[in-house]
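To start, the structure itself, in structure tokens.
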Amino acid sequence: MEHPGMRQVAHEINVAAPADTVHRLITEVGNWPRIFPSVIHVAHEEAPEGEERLRIWETAPSTEGGPSTEGGPSAEGGPYSRPLRRIVEPAALRVNFQHLVTEAHVAGIGGAWLVEPLGENASRVRLLHEFRAEGDTPEALDRIGAEVDRGAHAQLAALKENAERDVAEAGLTFSFEDTVLVDGSAKDVYAFINEAHLWSERLPHVATVRLEETTPGLQTLEMDTRAKDGSVHTTKSYRVTFP
């Protein structure tokens with residue numbers, strides 16, 4: 001039975017990509033860091049049979065505010081992690097989700113992704129949310145609704161852009177790796193990589209480095225590096241570490 005204070009909202013967008021392709025990008029969470037700009041990393045955790053438990057590491061501008069919608073913006077604006085419960089329904093091209101941790105003013109939030117075929121190379125994506133506010137006041141529900149609205153529009157736009165790019169430019173995305181053998185212990189090598197605040201002392205091409213780790217295992221790394229021609233450029237990245 002629905003709670004009288006529960007509010008339901010729906011957002012949708014048309015995508016020039018097959019429904020199966022779009023559904024796959026949503027269900028295979030390894031895709032999320034390249035689809036949703038706020039997502040850094042996603043990992044599966046132990047879950048009861050028939051459902052998924054995910055741990056999502058992400059970041060987003062603090063102006064987004066409010067509760068995270070699946071794959072969407074954070075409340076705090078820096079790297080953080082959150083748990084998510086999902087039930088995937090492949091035959092229906094549907095993914096149900098529920099946030100297991102919410103902001104203080106949110107009593108509960110969940111929803112679903114639905115992908116509807118519109119043709120061989122076209123689909124409609126609907127993003128549904130239902131939520132409750134602490135105290136069930138109309139003002140709190142309006143605030144949460146505005147936050148969900150901003151997040152849903154951003155998510156759907158990012159999904160559309162990247163799903164259509166996947167279809168139109170199949171060779172655009174690729175992965176690669178390099179390997180090096182080190183005459184030393186894995187523990188010491190890991191420490192060298194993890195201790196990025198010392199790189200300006202240890203790596204000749206690193207001019208300056210700024211490392212923040214307010215939460216253990218979640219790092220914001222910004223550094224200035226020198227190219228062979230002497231020019232200096234700045235890069236910023238977020239890192240999730242697993243000691």
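How things are named: the first chain in the structure tokens is A, the next is B, and so on; residues count from 1 in each chain; ligands count from 1 in the order shown.
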Which residues are near segment 13-28 of chain A? Cut-off 9 Å, only C-alpha atoms, ignore same chain within fewer than 5 positions. Put them as an MDAnalysis selection string. chainID A and resid 35 88 90 93:95 113:127 153 156:157 159:161 163:168
Grab the residues selected above and save them as a PDB file, in the first residue's frame with C-alpha atoms.
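New file part.pdb:
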ATOM      1  CA  ILE A  35      28.152   7.534 -19.463  1.00  0.00           C
ATOM      2  CA  VAL A  88      16.886  -6.015 -13.268  1.00  0.00           C
ATOM      3  CA  PRO A  90      15.670  -8.031 -18.843  1.00  0.00           C
ATOM      4  CA  LEU A  93      13.834  -3.735 -20.390  1.00  0.00           C
ATOM      5  CA  ARG A  94      13.346  -2.400 -16.872  1.00  0.00           C
ATOM      6  CA  VAL A  95      15.673  -1.746 -13.934  1.00  0.00           C
ATOM      7  CA  TRP A 113      14.516   2.872 -15.631  1.00  0.00           C
ATOM      8  CA  LEU A 114      12.227   1.744 -18.485  1.00  0.00           C
ATOM      9  CA  VAL A 115      13.355   1.464 -22.104  1.00  0.00           C
ATOM     10  CA  GLU A 116      10.658   1.261 -24.787  1.00  0.00           C
ATOM     11  CA  PRO A 117      11.433   0.359 -28.431  1.00  0.00           C
ATOM     12  CA  LEU A 118      10.279   2.974 -30.946  1.00  0.00           C
ATOM     13  CA  GLY A 119      11.758   1.205 -33.952  1.00  0.00           C
ATOM     14  CA  GLU A 120      14.844  -0.688 -34.980  1.00  0.00           C
ATOM     15  CA  ASN A 121      17.197   2.170 -34.055  1.00  0.00           C
ATOM     16  CA  ALA A 122      15.102   4.315 -31.754  1.00  0.00           C
ATOM     17  CA  SER A 123      13.854   4.060 -28.193  1.00  0.00           C
ATOM     18  CA  ARG A 124      12.227   6.024 -25.414  1.00  0.00           C
ATOM     19  CA  VAL A 125      13.795   6.009 -21.945  1.00  0.00           C
ATOM     20  CA  ARG A 126      11.586   6.749 -18.957  1.00  0.00           C
ATOM     21  CA  LEU A 127      13.135   7.468 -15.560  1.00  0.00           C
ATOM     22  CA  HIS A 153      17.291  15.722 -16.750  1.00  0.00           C
ATOM     23  CA  LEU A 156      18.828  11.326 -19.351  1.00  0.00           C
ATOM     24  CA  ALA A 157      20.774  13.867 -21.407  1.00  0.00           C
ATOM     25  CA  LEU A 159      22.556   8.679 -21.443  1.00  0.00           C
ATOM     26  CA  LYS A 160      21.161   9.938 -24.763  1.00  0.00           C
ATOM     27  CA  GLU A 161      24.457  11.530 -25.801  1.00  0.00           C
ATOM     28  CA  ALA A 163      24.139   5.840 -26.256  1.00  0.00           C
ATOM     29  CA  GLU A 164      23.855   7.610 -29.612  1.00  0.00           C
ATOM     30  CA  ARG A 165      27.633   8.020 -29.737  1.00  0.00           C
ATOM     31  CA  ASP A 166      28.058   4.304 -29.026  1.00  0.00           C
ATOM     32  CA  VAL A 167      25.930   3.483 -32.064  1.00  0.00           C
ATOM     33  CA  ALA A 168      27.241   6.160 -34.443  1.00  0.00           C
TER      34      ALA A 168
END
Taking the chain letters and numbering used in this document, name the residues of segment 29-227 of chain A that DSSP puts in strand (DSSP E), as a short mmCIF file (atom, residue, chain, number, x, y, z; two decimals) with N, CA and C atoms, in the first residue's frame.
data_model
loop_
_atom_site.label_atom_id
_atom_site.label_comp_id
_atom_site.auth_asym_id
_atom_site.auth_seq_id
_atom_site.Cartn_x
_atom_site.Cartn_y
_atom_site.Cartn_z
N VAL A 39 30.03 9.78 -12.15
CA VAL A 39 30.39 8.47 -11.61
C VAL A 39 31.87 8.18 -11.82
N ILE A 40 32.56 7.79 -10.74
CA ILE A 40 33.98 7.45 -10.79
C ILE A 40 34.16 5.94 -10.93
N HIS A 41 33.42 5.19 -10.12
CA HIS A 41 33.62 3.73 -10.09
C HIS A 41 32.36 3.09 -9.51
N VAL A 42 32.04 1.87 -9.98
CA VAL A 42 30.91 1.11 -9.46
C VAL A 42 31.36 -0.32 -9.22
N ALA A 43 30.98 -0.88 -8.08
CA ALA A 43 31.34 -2.26 -7.76
C ALA A 43 30.12 -3.00 -7.23
N HIS A 44 30.08 -4.30 -7.53
CA HIS A 44 29.03 -5.16 -6.99
C HIS A 44 29.39 -5.59 -5.58
N GLU A 45 28.38 -5.63 -4.71
CA GLU A 45 28.55 -6.15 -3.37
C GLU A 45 27.66 -7.38 -3.20
N GLU A 52 20.54 -6.97 -7.03
CA GLU A 52 21.92 -6.49 -7.03
C GLU A 52 22.11 -5.48 -5.92
N ARG A 53 23.28 -5.49 -5.31
CA ARG A 53 23.70 -4.44 -4.38
C ARG A 53 24.95 -3.80 -4.97
N LEU A 54 24.89 -2.51 -5.20
CA LEU A 54 26.01 -1.79 -5.80
C LEU A 54 26.58 -0.78 -4.82
N ARG A 55 27.87 -0.54 -4.93
CA ARG A 55 28.52 0.58 -4.25
C ARG A 55 29.00 1.51 -5.35
N ILE A 56 28.51 2.76 -5.31
CA ILE A 56 28.80 3.74 -6.35
C ILE A 56 29.66 4.85 -5.77
N TRP A 57 30.81 5.09 -6.37
CA TRP A 57 31.65 6.22 -6.01
C TRP A 57 31.45 7.30 -7.05
N GLU A 58 31.18 8.51 -6.61
CA GLU A 58 30.89 9.57 -7.56
C GLU A 58 31.18 10.94 -6.98
N TYR A 80 32.46 10.69 -2.97
CA TYR A 80 31.78 10.00 -1.90
C TYR A 80 31.24 8.69 -2.46
N SER A 81 30.75 7.82 -1.60
CA SER A 81 30.18 6.56 -2.08
C SER A 81 28.81 6.36 -1.45
N ARG A 82 28.00 5.55 -2.12
CA ARG A 82 26.66 5.27 -1.63
C ARG A 82 26.24 3.87 -2.10
N PRO A 83 25.38 3.21 -1.32
CA PRO A 83 24.89 1.89 -1.71
C PRO A 83 23.56 2.00 -2.47
N LEU A 84 23.36 1.08 -3.39
CA LEU A 84 22.14 1.07 -4.19
C LEU A 84 21.66 -0.36 -4.37
N ARG A 85 20.38 -0.55 -4.25
CA ARG A 85 19.74 -1.86 -4.48
C ARG A 85 19.04 -1.83 -5.82
N ARG A 86 19.23 -2.89 -6.65
CA ARG A 86 18.59 -2.94 -7.96
C ARG A 86 18.00 -4.32 -8.23
N ILE A 87 16.92 -4.32 -8.99
CA ILE A 87 16.35 -5.55 -9.53
C ILE A 87 16.20 -5.33 -11.04
N VAL A 88 16.89 -6.15 -11.82
CA VAL A 88 16.89 -6.01 -13.27
C VAL A 88 15.85 -6.96 -13.87
N GLU A 89 15.03 -6.44 -14.76
CA GLU A 89 14.03 -7.24 -15.47
C GLU A 89 14.35 -7.18 -16.97
N ARG A 94 13.63 -3.23 -18.05
CA ARG A 94 13.35 -2.40 -16.87
C ARG A 94 14.39 -2.68 -15.79
N VAL A 95 14.78 -1.62 -15.08
CA VAL A 95 15.67 -1.75 -13.93
C VAL A 95 15.06 -0.97 -12.77
N ASN A 96 14.70 -1.67 -11.70
CA ASN A 96 14.17 -1.03 -10.50
C ASN A 96 15.31 -0.73 -9.54
N PHE A 97 15.24 0.39 -8.86
CA PHE A 97 16.32 0.75 -7.91
C PHE A 97 15.77 1.38 -6.66
N GLN A 98 16.54 1.24 -5.59
CA GLN A 98 16.18 1.84 -4.30
C GLN A 98 17.45 2.31 -3.61
N HIS A 99 17.44 3.53 -3.13
CA HIS A 99 18.58 4.06 -2.38
C HIS A 99 18.52 3.54 -0.95
N VAL A 106 15.27 13.30 3.51
CA VAL A 106 14.59 12.36 2.63
C VAL A 106 14.27 11.09 3.40
N ALA A 107 13.00 10.71 3.46
CA ALA A 107 12.60 9.51 4.18
C ALA A 107 12.81 8.26 3.35
N GLY A 108 12.78 8.38 2.04
CA GLY A 108 13.00 7.24 1.17
C GLY A 108 12.90 7.66 -0.28
N ILE A 109 13.65 6.98 -1.15
CA ILE A 109 13.61 7.30 -2.58
C ILE A 109 13.98 6.06 -3.39
N GLY A 110 13.25 5.85 -4.47
CA GLY A 110 13.52 4.74 -5.38
C GLY A 110 12.89 5.04 -6.72
N GLY A 111 12.90 4.04 -7.59
CA GLY A 111 12.31 4.28 -8.91
C GLY A 111 12.67 3.19 -9.89
N ALA A 112 12.67 3.55 -11.16
CA ALA A 112 12.94 2.56 -12.20
C ALA A 112 13.36 3.24 -13.49
N TRP A 113 14.21 2.53 -14.25
CA TRP A 113 14.52 2.87 -15.63
C TRP A 113 13.66 1.97 -16.52
N LEU A 114 12.97 2.52 -17.51
CA LEU A 114 12.23 1.74 -18.49
C LEU A 114 12.66 2.16 -19.88
N VAL A 115 12.97 1.19 -20.72
CA VAL A 115 13.35 1.46 -22.10
C VAL A 115 12.29 0.86 -23.02
N GLU A 116 11.72 1.70 -23.89
CA GLU A 116 10.66 1.26 -24.79
C GLU A 116 11.13 1.37 -26.23
N PRO A 117 11.05 0.29 -27.01
CA PRO A 117 11.43 0.36 -28.43
C PRO A 117 10.50 1.27 -29.20
N LEU A 118 11.07 2.12 -30.05
CA LEU A 118 10.28 2.97 -30.95
C LEU A 118 10.53 2.60 -32.41
N GLY A 119 11.36 1.62 -32.62
CA GLY A 119 11.76 1.21 -33.95
C GLY A 119 13.06 0.45 -33.86
N ALA A 122 15.64 3.21 -32.54
CA ALA A 122 15.10 4.31 -31.75
C ALA A 122 14.41 3.76 -30.51
N SER A 123 14.47 4.50 -29.44
CA SER A 123 13.85 4.06 -28.19
C SER A 123 13.47 5.27 -27.34
N ARG A 124 12.60 5.01 -26.40
CA ARG A 124 12.23 6.02 -25.41
C ARG A 124 12.66 5.52 -24.05
N VAL A 125 13.36 6.36 -23.29
CA VAL A 125 13.79 6.01 -21.94
C VAL A 125 12.96 6.81 -20.95
N ARG A 126 12.35 6.11 -20.03
CA ARG A 126 11.59 6.75 -18.96
C ARG A 126 12.30 6.50 -17.64
N LEU A 127 12.49 7.55 -16.87
CA LEU A 127 13.13 7.47 -15.56
C LEU A 127 12.09 7.85 -14.52
N LEU A 128 11.67 6.89 -13.71
CA LEU A 128 10.62 7.09 -12.72
C LEU A 128 11.23 7.21 -11.33
N HIS A 129 10.65 8.08 -10.53
CA HIS A 129 11.07 8.22 -9.13
C HIS A 129 9.84 8.29 -8.23
N GLU A 130 9.98 7.73 -7.05
CA GLU A 130 9.01 7.95 -5.99
C GLU A 130 9.79 8.23 -4.71
N PHE A 131 9.31 9.20 -3.94
CA PHE A 131 10.09 9.61 -2.77
C PHE A 131 9.17 10.14 -1.69
N ARG A 132 9.71 10.12 -0.47
CA ARG A 132 9.02 10.68 0.70
C ARG A 132 9.97 11.63 1.40
N ALA A 133 9.40 12.63 2.04
CA ALA A 133 10.20 13.59 2.82
C ALA A 133 10.01 13.33 4.30
N VAL A 206 56.66 15.91 -12.79
CA VAL A 206 55.60 16.49 -11.96
C VAL A 206 56.14 17.74 -11.27
N ALA A 207 55.59 18.90 -11.65
CA ALA A 207 56.06 20.17 -11.07
C ALA A 207 55.46 20.40 -9.68
N THR A 208 54.14 20.34 -9.59
CA THR A 208 53.45 20.51 -8.31
C THR A 208 52.31 19.52 -8.24
N VAL A 209 51.91 19.20 -7.03
CA VAL A 209 50.81 18.25 -6.84
C VAL A 209 49.98 18.66 -5.63
N ARG A 210 48.67 18.48 -5.74
CA ARG A 210 47.74 18.78 -4.65
C ARG A 210 46.84 17.55 -4.47
N LEU A 211 46.90 16.93 -3.31
CA LEU A 211 46.13 15.72 -3.04
C LEU A 211 45.25 15.93 -1.82
N GLU A 212 43.95 15.68 -1.97
CA GLU A 212 43.02 15.75 -0.85
C GLU A 212 42.41 14.37 -0.63
N GLU A 213 42.35 13.95 0.63
CA GLU A 213 41.74 12.66 0.96
C GLU A 213 41.02 12.81 2.30
N THR A 214 39.88 13.52 2.27
CA THR A 214 39.12 13.75 3.50
C THR A 214 38.45 12.48 3.98
N THR A 215 38.12 11.59 3.03
CA THR A 215 37.58 10.27 3.37
C THR A 215 38.62 9.23 2.93
N LEU A 218 39.24 7.83 -0.84
CA LEU A 218 38.67 8.71 -1.85
C LEU A 218 39.58 9.92 -2.00
N GLN A 219 40.22 10.03 -3.15
CA GLN A 219 41.23 11.07 -3.36
C GLN A 219 40.84 12.01 -4.50
N THR A 220 41.15 13.28 -4.29
CA THR A 220 41.09 14.28 -5.36
C THR A 220 42.52 14.69 -5.66
N LEU A 221 42.96 14.43 -6.89
CA LEU A 221 44.36 14.66 -7.26
C LEU A 221 44.44 15.70 -8.37
N GLU A 222 45.16 16.77 -8.11
CA GLU A 222 45.39 17.80 -9.12
C GLU A 222 46.90 18.04 -9.20
N MET A 223 47.44 18.03 -10.42
CA MET A 223 48.89 18.23 -10.54
C MET A 223 49.25 18.96 -11.82
N ASP A 224 50.37 19.65 -11.75
CA ASP A 224 50.95 20.33 -12.91
C ASP A 224 52.12 19.49 -13.39
N THR A 225 52.11 19.14 -14.66
CA THR A 225 53.18 18.30 -15.22
C THR A 225 53.86 19.01 -16.38
N ARG A 226 55.14 18.74 -16.54
CA ARG A 226 55.94 19.36 -17.60
C ARG A 226 56.02 18.42 -18.80
#
Straight-line distance linking atom CA of Leu141 of chain A with atom CA of His105 of chain A, stated in Å to one decimal: 9.3 Å
Report the residues of segment 17-237 of chain A whose backbone DSSP state falls under alpha helix (DSSP H), written as a ChimeraX atom specification. /A:19-27,32-35,138-168,186-194,199-202
re atom CA of Glu147 of chain A and atom CA of Val9 of chain A: distance 11.7 Å
Report the distance between atom CA of Lys187 of chain A and atom CA of Phe242 of chain A in Å, rounded to one decimal place.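 Atom CA of Lys187 of chain A sits 11.9 Å away from atom CA of Phe242 of chain A.
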Among the residues A:Gly230, A:Pro48, A:Gly217, A:Gly145, the one that comes closest to His11 of chain A [using only C-alpha atoms]: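 Closest to His11 of chain A of all the choices is A:Gly145.
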